[in-house]
>>> print(open('work08.cif').read())   # mmCIF, C-alpha atoms
data_model
#
loop_
_atom_site.label_atom_id
_atom_site.label_comp_id
_atom_site.auth_asym_id
_atom_site.auth_seq_id
_atom_site.Cartn_x
_atom_site.Cartn_y
_atom_site.Cartn_z
CA MET A 1 -41.90 141.32 -123.14
CA VAL A 2 -38.82 142.31 -121.18
CA GLN A 3 -39.16 139.02 -119.30
CA ASN A 4 -38.61 137.00 -122.47
CA GLU A 5 -35.54 139.01 -123.44
CA ILE A 6 -34.17 138.54 -119.92
CA ARG A 7 -34.94 134.83 -120.04
CA ASP A 8 -32.85 134.53 -123.23
CA LEU A 9 -29.96 136.39 -121.59
CA VAL A 10 -30.21 134.20 -118.48
CA ILE A 11 -30.08 131.06 -120.61
CA LYS A 12 -27.12 132.36 -122.56
CA HIS A 13 -25.02 133.93 -119.79
CA ALA A 14 -25.99 132.51 -116.38
CA ARG A 15 -24.74 128.93 -116.99
CA LEU A 16 -27.44 127.54 -114.72
CA SER A 17 -27.23 124.00 -113.46
CA ALA A 18 -31.02 123.62 -113.44
CA ASP A 19 -33.16 122.89 -116.52
CA VAL A 20 -33.87 126.35 -117.94
CA SER A 21 -37.05 125.19 -119.72
CA VAL A 22 -38.84 124.87 -116.37
CA LEU A 23 -37.78 128.31 -115.10
CA THR A 24 -40.70 130.58 -114.33
CA ASP A 25 -40.41 134.34 -114.00
CA ARG A 26 -40.37 133.89 -110.25
CA SER A 27 -37.99 130.94 -109.99
CA ASP A 28 -35.05 131.51 -107.64
CA LEU A 29 -32.08 131.90 -109.99
CA TYR A 30 -29.55 131.35 -107.19
CA ALA A 31 -31.24 128.05 -106.33
CA ALA A 32 -31.05 127.23 -110.05
CA GLY A 33 -27.27 127.60 -109.99
CA LEU A 34 -26.52 131.29 -110.45
CA THR A 35 -23.14 132.07 -108.83
CA SER A 36 -21.40 135.32 -108.00
CA LEU A 37 -19.24 134.96 -111.11
CA THR A 38 -22.10 134.12 -113.49
CA THR A 39 -24.08 137.00 -111.97
CA VAL A 40 -21.32 139.27 -113.29
CA ASN A 41 -21.72 137.81 -116.80
CA LEU A 42 -25.48 138.27 -116.59
CA MET A 43 -25.17 141.84 -115.29
CA LEU A 44 -22.83 142.83 -118.12
CA ALA A 45 -25.11 141.18 -120.71
CA LEU A 46 -28.18 142.99 -119.32
CA GLU A 47 -26.36 146.35 -119.29
CA ASP A 48 -25.22 145.88 -122.90
CA HIS A 49 -28.53 144.54 -124.19
CA PHE A 50 -30.78 147.19 -122.61
CA ASP A 51 -28.18 150.00 -122.71
CA ILE A 52 -28.55 150.62 -119.01
CA GLU A 53 -26.19 150.85 -116.04
CA PHE A 54 -27.13 149.28 -112.74
CA PRO A 55 -26.45 151.72 -109.89
CA ASP A 56 -24.64 150.20 -106.90
CA ARG A 57 -27.85 150.15 -104.84
CA MET A 58 -29.31 147.64 -107.33
CA LEU A 59 -26.23 145.39 -107.31
CA VAL A 60 -27.72 143.11 -104.68
CA ARG A 61 -28.83 139.50 -104.74
CA ARG A 62 -32.46 140.54 -104.50
CA THR A 63 -32.26 142.22 -107.93
CA PHE A 64 -30.75 139.15 -109.56
CA GLY A 65 -32.86 136.61 -107.68
CA SER A 66 -35.46 136.04 -110.42
CA ILE A 67 -36.39 136.98 -113.96
CA GLN A 68 -39.27 139.03 -112.53
CA SER A 69 -37.05 141.04 -110.17
CA LEU A 70 -34.63 141.67 -113.03
CA ALA A 71 -37.50 142.79 -115.26
CA GLU A 72 -38.64 145.28 -112.62
CA ALA A 73 -35.10 146.62 -112.27
CA VAL A 74 -34.65 146.93 -116.04
CA GLU A 75 -38.02 148.66 -116.46
CA ALA A 76 -37.16 151.12 -113.68
CA LEU A 77 -33.78 151.92 -115.23
CA LYS A 78 -35.20 152.31 -118.74
CA ALA A 79 -37.87 154.67 -117.41
CA SER A 80 -35.39 156.87 -115.55
CA MET B 1 1.49 163.91 -88.45
CA CYS B 2 0.81 163.32 -92.11
CA ALA B 3 0.33 166.20 -94.53
CA PRO B 4 -3.25 166.86 -95.61
CA VAL B 5 -2.62 165.73 -99.18
CA ALA B 6 -2.53 161.97 -98.90
CA THR B 7 -0.17 161.27 -101.80
CA ASP B 8 2.42 163.62 -100.30
CA ALA B 9 1.91 161.95 -96.94
CA TYR B 10 2.75 158.58 -98.48
CA LYS B 11 5.98 159.91 -99.97
CA THR B 12 6.89 161.72 -96.76
CA TYR B 13 6.52 158.55 -94.66
CA LEU B 14 8.36 156.48 -97.27
CA ASP B 15 11.23 159.01 -97.18
CA GLU B 16 11.32 158.82 -93.37
CA LEU B 17 11.45 155.02 -93.48
CA THR B 18 14.22 154.91 -96.07
CA ARG B 19 16.24 157.65 -94.33
CA ALA B 20 16.01 155.65 -91.12
CA GLY B 21 17.21 152.57 -93.04
CA LEU B 22 14.09 150.57 -92.16
CA LEU B 23 13.14 150.12 -95.82
CA ILE B 24 15.73 149.83 -98.58
CA PRO B 25 14.55 151.15 -101.99
CA SER B 26 15.05 148.89 -105.01
CA GLY B 27 14.19 151.33 -107.77
CA VAL B 28 10.75 149.73 -108.17
CA LYS B 29 7.72 151.18 -106.42
CA GLY B 30 6.43 148.82 -103.76
CA VAL B 31 9.51 146.55 -103.72
CA TYR B 32 11.83 147.16 -100.75
CA GLY B 33 14.48 145.50 -98.69
CA ARG B 34 13.86 145.43 -94.93
CA SER B 35 16.35 146.23 -92.19
CA GLY B 36 17.14 143.97 -89.26
CA THR B 37 15.07 146.22 -86.99
CA PHE B 38 12.07 146.03 -89.33
CA GLU B 39 12.39 142.23 -89.45
CA HIS B 40 12.76 142.03 -85.69
CA VAL B 41 9.43 143.84 -85.23
CA ILE B 42 7.76 141.47 -87.70
CA ASN B 43 9.32 138.43 -86.02
CA GLN B 44 8.13 139.57 -82.61
CA PHE B 45 4.62 140.26 -83.89
CA GLU B 46 4.63 136.75 -85.32
CA VAL B 47 5.66 135.35 -81.93
CA PHE B 48 2.59 137.15 -80.56
CA VAL B 49 0.40 135.62 -83.31
CA THR B 50 1.74 132.16 -82.55
CA ARG B 51 1.09 132.65 -78.82
CA MET B 52 -2.49 133.81 -79.42
CA GLY B 53 -3.25 130.89 -81.75
CA ALA B 54 -1.56 128.17 -79.70
CA HIS B 55 -4.82 127.07 -78.02
CA LEU B 56 -6.12 126.01 -81.47
CA ASP B 57 -3.20 123.61 -81.93
CA PRO B 58 -2.97 124.52 -85.63
CA GLU B 59 -1.13 122.52 -88.26
CA VAL B 60 1.82 124.61 -89.42
CA MET B 61 2.41 124.66 -93.16
CA ARG B 62 4.79 126.86 -95.13
CA PHE B 63 4.54 127.14 -98.91
CA PRO B 64 6.83 129.04 -101.29
CA PRO B 65 5.39 132.18 -102.92
CA VAL B 66 4.65 130.36 -106.19
CA PHE B 67 2.01 127.76 -106.94
CA ASN B 68 0.84 125.46 -109.69
CA ARG B 69 -0.51 127.31 -112.73
CA GLU B 70 -3.21 124.61 -113.05
CA HIS B 71 -4.39 125.41 -109.53
CA TYR B 72 -4.40 129.12 -110.34
CA ALA B 73 -6.73 128.35 -113.24
CA ARG B 74 -9.36 126.96 -110.85
CA ILE B 75 -9.91 129.99 -108.61
CA ASN B 76 -11.27 132.65 -111.01
CA HIS B 77 -8.47 135.05 -110.08
CA ILE B 78 -8.03 135.81 -113.78
CA HIS B 79 -11.66 136.95 -113.92
CA ASN B 80 -11.56 138.99 -110.74
CA PHE B 81 -8.04 140.40 -110.36
CA PRO B 82 -6.25 140.24 -113.74
CA ASP B 83 -4.43 143.50 -113.02
CA LEU B 84 -2.84 142.14 -109.82
CA MET B 85 -1.59 138.78 -111.08
CA GLY B 86 2.01 137.67 -111.28
CA SER B 87 2.81 135.05 -113.88
CA VAL B 88 6.28 133.50 -113.97
CA HIS B 89 7.71 133.20 -117.47
CA SER B 90 11.03 131.79 -118.60
CA PHE B 91 12.94 130.99 -121.76
CA LEU B 92 11.96 127.61 -123.17
CA GLY B 93 13.60 127.78 -126.60
CA GLY B 94 16.71 126.24 -128.11
CA ASP B 95 19.92 127.69 -129.56
CA LEU B 96 18.22 129.40 -132.49
CA GLU B 97 15.63 131.09 -130.32
CA HIS B 98 18.32 132.02 -127.79
CA THR B 99 20.33 133.82 -130.48
CA GLU B 100 17.23 135.81 -131.36
CA LEU B 101 16.51 136.54 -127.69
CA VAL B 102 20.04 137.87 -127.11
CA ARG B 103 19.92 139.88 -130.33
CA LYS B 104 16.76 141.61 -129.16
CA PHE B 105 18.17 142.11 -125.65
CA GLU B 106 21.40 143.66 -126.90
CA GLY B 107 19.56 145.75 -129.48
CA GLY B 108 17.33 147.25 -126.80
CA GLU B 109 14.23 145.59 -128.25
CA ASP B 110 11.42 144.01 -126.24
CA TRP B 111 12.69 140.46 -125.55
CA SER B 112 10.01 139.59 -122.99
CA ARG B 113 7.65 138.31 -125.69
CA ASP B 114 10.13 135.55 -126.48
CA LEU B 115 9.48 134.03 -123.07
CA ASP B 116 6.88 131.38 -122.32
CA ALA B 117 4.70 130.70 -119.32
CA SER B 118 6.31 128.43 -116.72
CA GLU B 119 4.47 125.92 -114.55
CA VAL B 120 3.95 128.46 -111.76
CA MET B 121 2.19 131.69 -110.82
CA LEU B 122 3.07 133.99 -107.92
CA ILE B 123 0.61 133.51 -105.06
CA PRO B 124 -1.78 136.40 -104.33
CA ALA B 125 -2.64 135.15 -100.82
CA ALA B 126 -0.79 132.94 -98.35
CA CYS B 127 -3.64 130.42 -98.08
CA TYR B 128 -4.09 129.72 -101.82
CA PRO B 129 -1.51 126.90 -102.00
CA LEU B 130 -3.25 125.12 -99.11
CA TYR B 131 -6.59 124.35 -100.76
CA PRO B 132 -5.35 122.14 -103.63
CA THR B 133 -3.54 120.01 -101.04
CA ALA B 134 -6.76 119.56 -99.03
CA THR B 135 -8.75 117.78 -101.76
CA GLY B 136 -10.72 114.89 -100.26
CA THR B 137 -12.52 114.42 -96.97
CA LEU B 138 -11.65 116.49 -93.90
CA PRO B 139 -11.33 114.89 -90.46
CA PRO B 140 -14.55 115.13 -88.40
CA GLN B 141 -13.32 118.23 -86.56
CA GLY B 142 -12.16 119.93 -89.78
CA ARG B 143 -8.75 121.56 -89.95
CA ILE B 144 -7.03 124.70 -88.66
CA VAL B 145 -3.87 125.64 -90.52
CA ASP B 146 -1.20 128.24 -89.71
CA LEU B 147 0.28 129.68 -92.92
CA LYS B 148 2.77 132.34 -93.88
CA SER B 149 4.27 133.42 -97.15
CA PHE B 150 5.33 136.32 -99.25
CA VAL B 151 2.47 137.17 -101.64
CA PHE B 152 2.50 139.23 -104.82
CA ARG B 153 0.07 141.85 -106.11
CA HIS B 154 1.08 144.05 -109.00
CA GLU B 155 0.07 147.50 -107.79
CA PRO B 156 3.09 149.82 -107.83
CA SER B 157 2.52 152.74 -105.46
CA ASP B 158 4.25 155.47 -103.49
CA ASP B 159 2.31 154.31 -100.44
CA PRO B 160 4.84 152.32 -98.37
CA ALA B 161 1.92 150.24 -97.10
CA ARG B 162 0.98 149.18 -100.63
CA MET B 163 3.84 146.86 -101.42
CA GLN B 164 3.94 144.59 -104.45
CA ILE B 165 5.41 141.75 -102.45
CA PHE B 166 4.75 141.35 -98.74
CA ARG B 167 4.04 138.73 -96.08
CA GLN B 168 0.76 137.42 -94.79
CA ARG B 169 0.42 135.29 -91.67
CA GLU B 170 -2.84 133.38 -91.66
CA TYR B 171 -4.97 131.02 -89.65
CA VAL B 172 -7.31 129.14 -91.99
CA ARG B 173 -10.31 127.08 -90.92
CA LEU B 174 -11.66 124.30 -93.13
CA GLY B 175 -14.91 122.71 -92.02
CA SER B 176 -18.65 123.37 -91.87
CA ALA B 177 -20.22 126.76 -92.54
CA ASP B 178 -20.69 127.30 -88.78
CA GLU B 179 -17.10 126.37 -88.01
CA ALA B 180 -15.74 128.69 -90.70
CA LEU B 181 -17.92 131.63 -89.62
CA SER B 182 -17.10 131.15 -85.93
CA HIS B 183 -13.39 131.13 -86.79
CA ARG B 184 -13.74 134.32 -88.82
CA ASP B 185 -15.73 136.11 -86.13
CA ALA B 186 -13.58 134.95 -83.21
CA TRP B 187 -10.39 136.04 -84.96
CA LEU B 188 -11.90 139.38 -85.94
CA GLU B 189 -12.38 140.07 -82.24
CA ARG B 190 -9.11 138.49 -81.12
CA GLY B 191 -7.14 140.23 -83.88
CA ALA B 192 -8.57 143.62 -82.89
CA GLU B 193 -7.66 143.01 -79.24
CA MET B 194 -4.13 141.97 -80.20
CA LEU B 195 -3.52 145.03 -82.35
CA ARG B 196 -5.01 147.37 -79.74
CA SER B 197 -2.75 145.83 -77.08
CA ALA B 198 0.15 146.76 -79.38
CA GLY B 199 -1.08 150.34 -79.30
CA LEU B 200 -2.83 150.35 -82.69
CA ASP B 201 -6.33 151.80 -82.43
CA VAL B 202 -7.92 149.58 -85.10
CA GLU B 203 -11.54 149.64 -86.17
CA PRO B 204 -13.35 146.70 -87.81
CA VAL B 205 -15.05 147.63 -91.10
CA VAL B 206 -16.99 145.69 -93.74
CA ALA B 207 -14.80 145.55 -96.82
CA ASN B 208 -14.50 144.24 -100.34
CA ASP B 209 -11.65 142.99 -102.45
CA PRO B 210 -10.52 145.18 -105.38
CA PHE B 211 -12.40 143.26 -108.08
CA PHE B 212 -11.48 144.42 -111.57
CA GLY B 213 -13.52 146.43 -114.02
CA ARG B 214 -17.19 146.93 -114.75
CA GLY B 215 -18.12 143.41 -113.66
CA GLY B 216 -16.10 143.88 -110.50
CA ARG B 217 -18.73 146.35 -109.27
CA MET B 218 -21.13 143.44 -108.93
CA MET B 219 -18.57 141.28 -107.11
CA LYS B 220 -17.73 144.11 -104.69
CA ALA B 221 -21.40 144.76 -103.96
CA THR B 222 -22.17 141.07 -103.46
CA GLN B 223 -19.19 140.59 -101.15
CA ARG B 224 -20.33 143.55 -99.06
CA GLU B 225 -24.00 142.51 -99.09
CA GLN B 226 -23.04 139.11 -97.70
CA THR B 227 -20.53 140.69 -95.22
CA LEU B 228 -17.94 138.11 -96.22
CA LYS B 229 -14.93 140.35 -95.59
CA PHE B 230 -13.97 142.49 -92.61
CA GLU B 231 -10.82 144.53 -92.27
CA LEU B 232 -9.12 145.96 -89.22
CA VAL B 233 -8.09 149.45 -90.28
CA VAL B 234 -5.90 152.08 -88.66
CA PRO B 235 -4.58 155.42 -89.94
CA ILE B 236 -1.00 155.16 -91.21
CA CYS B 237 -0.64 158.13 -93.54
CA SER B 238 -4.23 159.29 -93.72
CA GLU B 239 -6.97 159.70 -91.13
CA GLU B 240 -9.58 159.82 -93.93
CA LYS B 241 -8.32 156.68 -95.65
CA PRO B 242 -7.13 154.36 -92.88
CA THR B 243 -5.13 151.31 -93.96
CA ALA B 244 -6.28 147.71 -93.63
CA ILE B 245 -3.61 145.87 -91.65
CA THR B 246 -5.51 142.63 -91.08
CA SER B 247 -8.47 141.01 -92.83
CA CYS B 248 -10.93 138.34 -91.78
CA ASN B 249 -12.65 136.53 -94.62
CA TYR B 250 -15.40 133.95 -94.99
CA HIS B 251 -15.12 132.21 -98.37
CA LEU B 252 -18.41 130.24 -98.20
CA ASP B 253 -17.63 126.90 -99.94
CA TYR B 254 -15.75 128.58 -102.77
CA PHE B 255 -12.48 126.69 -102.24
CA GLY B 256 -14.32 123.54 -101.17
CA GLN B 257 -16.02 123.48 -104.57
CA ALA B 258 -12.95 124.51 -106.56
CA PHE B 259 -10.76 121.79 -105.07
CA ASP B 260 -13.33 119.16 -104.04
CA ILE B 261 -12.76 119.50 -100.30
CA ARG B 262 -15.51 117.77 -98.31
CA THR B 263 -16.53 117.63 -94.68
CA ALA B 264 -16.75 114.26 -92.94
CA ASP B 265 -20.50 114.15 -93.70
CA GLY B 266 -19.92 114.68 -97.42
CA GLN B 267 -20.78 118.38 -97.72
CA SER B 268 -18.67 120.83 -99.69
CA ALA B 269 -16.26 122.32 -97.13
CA HIS B 270 -16.51 125.97 -96.14
CA SER B 271 -13.45 128.02 -95.25
CA ALA B 272 -12.44 131.23 -93.53
CA CYS B 273 -9.19 132.93 -92.68
CA ILE B 274 -7.61 135.73 -90.76
CA GLY B 275 -4.67 137.29 -92.57
CA PHE B 276 -2.26 139.55 -90.72
CA GLY B 277 -0.52 141.92 -93.14
CA LEU B 278 2.89 141.78 -91.48
CA GLU B 279 4.58 144.69 -93.26
CA ARG B 280 1.53 146.90 -92.81
CA ILE B 281 1.39 146.07 -89.11
CA ALA B 282 5.08 146.96 -88.77
CA LEU B 283 4.51 150.20 -90.71
CA ALA B 284 1.55 151.09 -88.48
CA LEU B 285 3.66 150.39 -85.37
CA PHE B 286 6.52 152.60 -86.63
CA LYS B 287 4.06 155.35 -87.59
CA THR B 288 2.23 155.24 -84.27
CA HIS B 289 5.13 154.74 -81.88
CA GLY B 290 8.03 156.29 -83.79
CA LEU B 291 10.93 154.97 -85.83
CA ARG B 292 13.07 154.09 -82.80
CA VAL B 293 11.88 150.82 -81.30
CA ASP B 294 13.76 151.44 -78.04
CA ALA B 295 11.57 154.51 -77.47
CA TRP B 296 8.25 152.66 -77.92
CA PRO B 297 5.85 152.59 -74.94
CA ALA B 298 6.74 149.98 -72.33
CA SER B 299 3.34 148.28 -72.68
CA VAL B 300 3.88 147.75 -76.42
CA ARG B 301 7.43 146.53 -75.89
CA GLN B 302 6.11 144.09 -73.32
CA VAL B 303 3.33 142.69 -75.53
CA LEU B 304 5.76 142.21 -78.41
CA GLU B 305 8.54 140.96 -76.09
CA LEU B 306 10.93 143.51 -77.54
CA GLY B 307 13.20 143.32 -74.47
#
>>> encode(input="work08.cif", output="structure tokens")
Amino acid sequence: MVQNEIRDLVIKHARLSADVSVLTDRSDLYAAGLTSLTTVNLMLALEDHFDIEFPDRMLVRRTFGSIQSLAEAVEALKAS
Amino acid sequence: MCAPVATDAYKTYLDELTRAGLLIPSGVKGVYGRSGTFEHVINQFEVFVTRMGAHLDPEVMRFPPVFNREHYARINHIHNFPDLMGSVHSFLGGDLEHTELVRKFEGGEDWSRDLDASEVMLIPAACYPLYPTATGTLPPQGRIVDLKSFVFRHEPSDDPARMQIFRQREYVRLGSADEALSHRDAWLERGAEMLRSAGLDVEPVVANDPFFGRGGRMMKATQREQTLKFELVVPICSEEKPTAITSCNYHLDYFGQAFDIRTADGQSAHSACIGFGLERIALALFKTHGLRVDAWPASVRQVLELG
């Protein structure tokens, strides 16, 4: 499951202030403490892990707002 | 008019400015002396800025162009703009180390690695030294502060408008999110009117800071998505790539969090600023109206009280 891989990367790189064990795929990561700087860490980790490159149009808060939205973005980039 | 190739246009304008004695080359790209005439234009623009901000009754604060290295460490500049930073180093050794330093110097070796970091960094923006001094609770109405300093950004260039060390004049608002945004938006409009009244046909554009590297793409996109930064741009050497001569920025509660600045009701303070790029404004005025100030249009001379 891409979601589980992303969850591991979020836990490792996003330095969230909220308890990561209660995060669902649809939890708001910004509400959980994701900041602009930790978003950069997470983006770089996702690009390295999945060997993808986010195009500028995907570098928006909506993409990084939840594990589910990240999973959809990663799936789309892997398919293209 | 500028030549079609922008890089040549930069050199051409720089040559004109140095031939006219307005800028004095130092042998380092982006580091110039300024003539009395150049300074007079900047002084008079500043008088205009002071006049247009007087109704806000701002606190006036002037900081030197260096600040505490510990404060630098709290603003993520090293993550976002490592290529622009200026770190002040000096010699901290004793006699033995000094002998070695001089030996390397006289032998033409690299002696800079024998230096150590001092307590200070060069400031990248005029408002940065303010925030560490504002730790604590703001008065109920927040604060409005008038700042000016030389700032440093290491980006050597032939473009006379891309100096390594230049002055910013700022009005900073510390307060609630609404107060900070209103300040940013009001000054964006007021700044545009001021520059247009000085004959500069500026346009407001959404902008981003030059965040470094692969991760910087995300920071640029986020800054644009949230429309945190606007610039007032005008052609100096290129119609296609107009130059930002003033910027209006909303920082959210970034500095409030970094330096524990709180509003009277205990919230993390938000901040915003307008920064006038004084050298760039002078360069735009000289480009638009000519290198001889006494031949500038009467309306411009009147606005800037150039006599």
>>> residues_around(input="work08.cif", residues="range 49-58 of chain B", least_positions_apart="5", cutoff="6 Å", atoms="all atoms listed in the file", output="list of chain:residue names")
B:Ile144, B:Val145, B:Asp146
>>> resolve_selection(input="work08.cif", expression="the PyMOL selection byres ((chain B) within 8 of (chain A))", output="PyMOL selection string")
chain B and resi 214-219+221-222+225
>>> resolve_selection(input="work08.cif", expression="the PyMOL selection byres ((chain A and resi 75) around 12)", output="PyMOL selection string")
chain A and resi 1-3+6+46+50-52+54+68-74+76-80
>>> residues_around(input="work08.cif", residues="His40 in chain B", least_positions_apart="4", cutoff="10 Å", atoms="all atoms listed in the file", output="mmCIF file with C-alpha atoms, keeping the file's coordinate frame")
data_model
loop_
_atom_site.group_PDB
_atom_site.id
_atom_site.type_symbol
_atom_site.label_atom_id
_atom_site.label_comp_id
_atom_site.auth_asym_id
_atom_site.auth_seq_id
_atom_site.Cartn_x
_atom_site.Cartn_y
_atom_site.Cartn_z
ATOM 1 C CA ARG B 34 13.860 145.430 -94.930
ATOM 2 C CA SER B 35 16.350 146.230 -92.190
ATOM 3 C CA GLY B 36 17.140 143.970 -89.260
ATOM 4 C CA GLN B 44 8.130 139.570 -82.610
ATOM 5 C CA PHE B 45 4.620 140.260 -83.890
ATOM 6 C CA GLU B 46 4.630 136.750 -85.320
ATOM 7 C CA ALA B 282 5.080 146.960 -88.770
ATOM 8 C CA VAL B 293 11.880 150.820 -81.300
ATOM 9 C CA LEU B 306 10.930 143.510 -77.540
#
>>> resolve_selection(input="work08.cif", expression="the PyMOL selection byres ((chain B and resi 129) around 9)", output="number ranges by chain")
B: 63-68, 71, 123, 125-128, 130-133
>>> closest_residue(input="work08.cif", among="A:Thr63, A:Ala32, A:Asp48, A:Asp25", to="Asn4 in chain A", atoms="only C-alpha atoms")
A:Asp25
>>> residues_around(input="work08.cif", residues="Met163 in chain B", least_positions_apart="3", cutoff="10 Å", atoms="only C-alpha atoms", output="ChimeraX atom specification")
/B:29-32,151-160,166-167,279-280
>>> closest_residue(input="work08.cif", among="B:Cys248, B:Leu283, B:Leu84, B:Leu195", to="Leu181 in chain B", atoms="all atoms listed in the file")
B:Cys248
>>> residues_near_point(input="work08.cif", point="(-27.2, 123.3, -114.0)", cutoff="10 Å", atoms="only C-alpha atoms", output="short mmCIF file (atom, residue, chain, number, x, y, z; two decimals) with C-alpha atoms, in the frame of the given file")
data_model
loop_
_atom_site.label_atom_id
_atom_site.label_comp_id
_atom_site.auth_asym_id
_atom_site.auth_seq_id
_atom_site.Cartn_x
_atom_site.Cartn_y
_atom_site.Cartn_z
CA ALA A 14 -25.99 132.51 -116.38
CA ARG A 15 -24.74 128.93 -116.99
CA LEU A 16 -27.44 127.54 -114.72
CA SER A 17 -27.23 124.00 -113.46
CA ALA A 18 -31.02 123.62 -113.44
CA ASP A 19 -33.16 122.89 -116.52
CA VAL A 20 -33.87 126.35 -117.94
CA ALA A 31 -31.24 128.05 -106.33
CA ALA A 32 -31.05 127.23 -110.05
CA GLY A 33 -27.27 127.60 -109.99
CA LEU A 34 -26.52 131.29 -110.45
#
>>> closest_residue(input="work08.cif", among="B:Tyr254, B:Trp187, B:Tyr10, B:Phe211", to="Phe230 in chain B", atoms="only C-alpha atoms")
B:Trp187
>>> residues_around(input="work08.cif", residues="Ser271 in chain B", least_positions_apart="5", cutoff="6 Å", atoms="all atoms listed in the file", output="compact mmCIF listing (two decimals) with C-alpha atoms, keeping the file's coordinate frame")
# COMPACT_ATOMS: atom_id res chain seq x y z
CA ARG B 173 -10.31 127.08 -90.92
CA LEU B 174 -11.66 124.30 -93.13
CA ALA B 180 -15.74 128.69 -90.70
CA HIS B 251 -15.12 132.21 -98.37
>>> atom_distance(input="work08.cif", atom1="CA of Pro25 in chain B", atom2="CA of Ile281 in chain B")
19.1 Å
>>> atom_distance(input="work08.cif", atom1="CA of Ala186 in chain B", atom2="CA of Asn80 in chain B")
27.9 Å
>>> atom_distance(input="work08.cif", atom1="CA of Ala295 in chain B", atom2="CA of Gly307 in chain B")
11.7 Å
>>> residues_around(input="work08.cif", residues="Ala207 in chain B", least_positions_apart="6", cutoff="9 Å", atoms="all atoms listed in the file", output="PyMOL selection string")
chain B and resi 220+223-224+227-231+247
>>> closest_residue(input="work08.cif", among="A:Ser66, A:Ser27, A:Thr38, A:Ser21", to="Asn76 in chain B", atoms="all atoms listed in the file")
A:Thr38
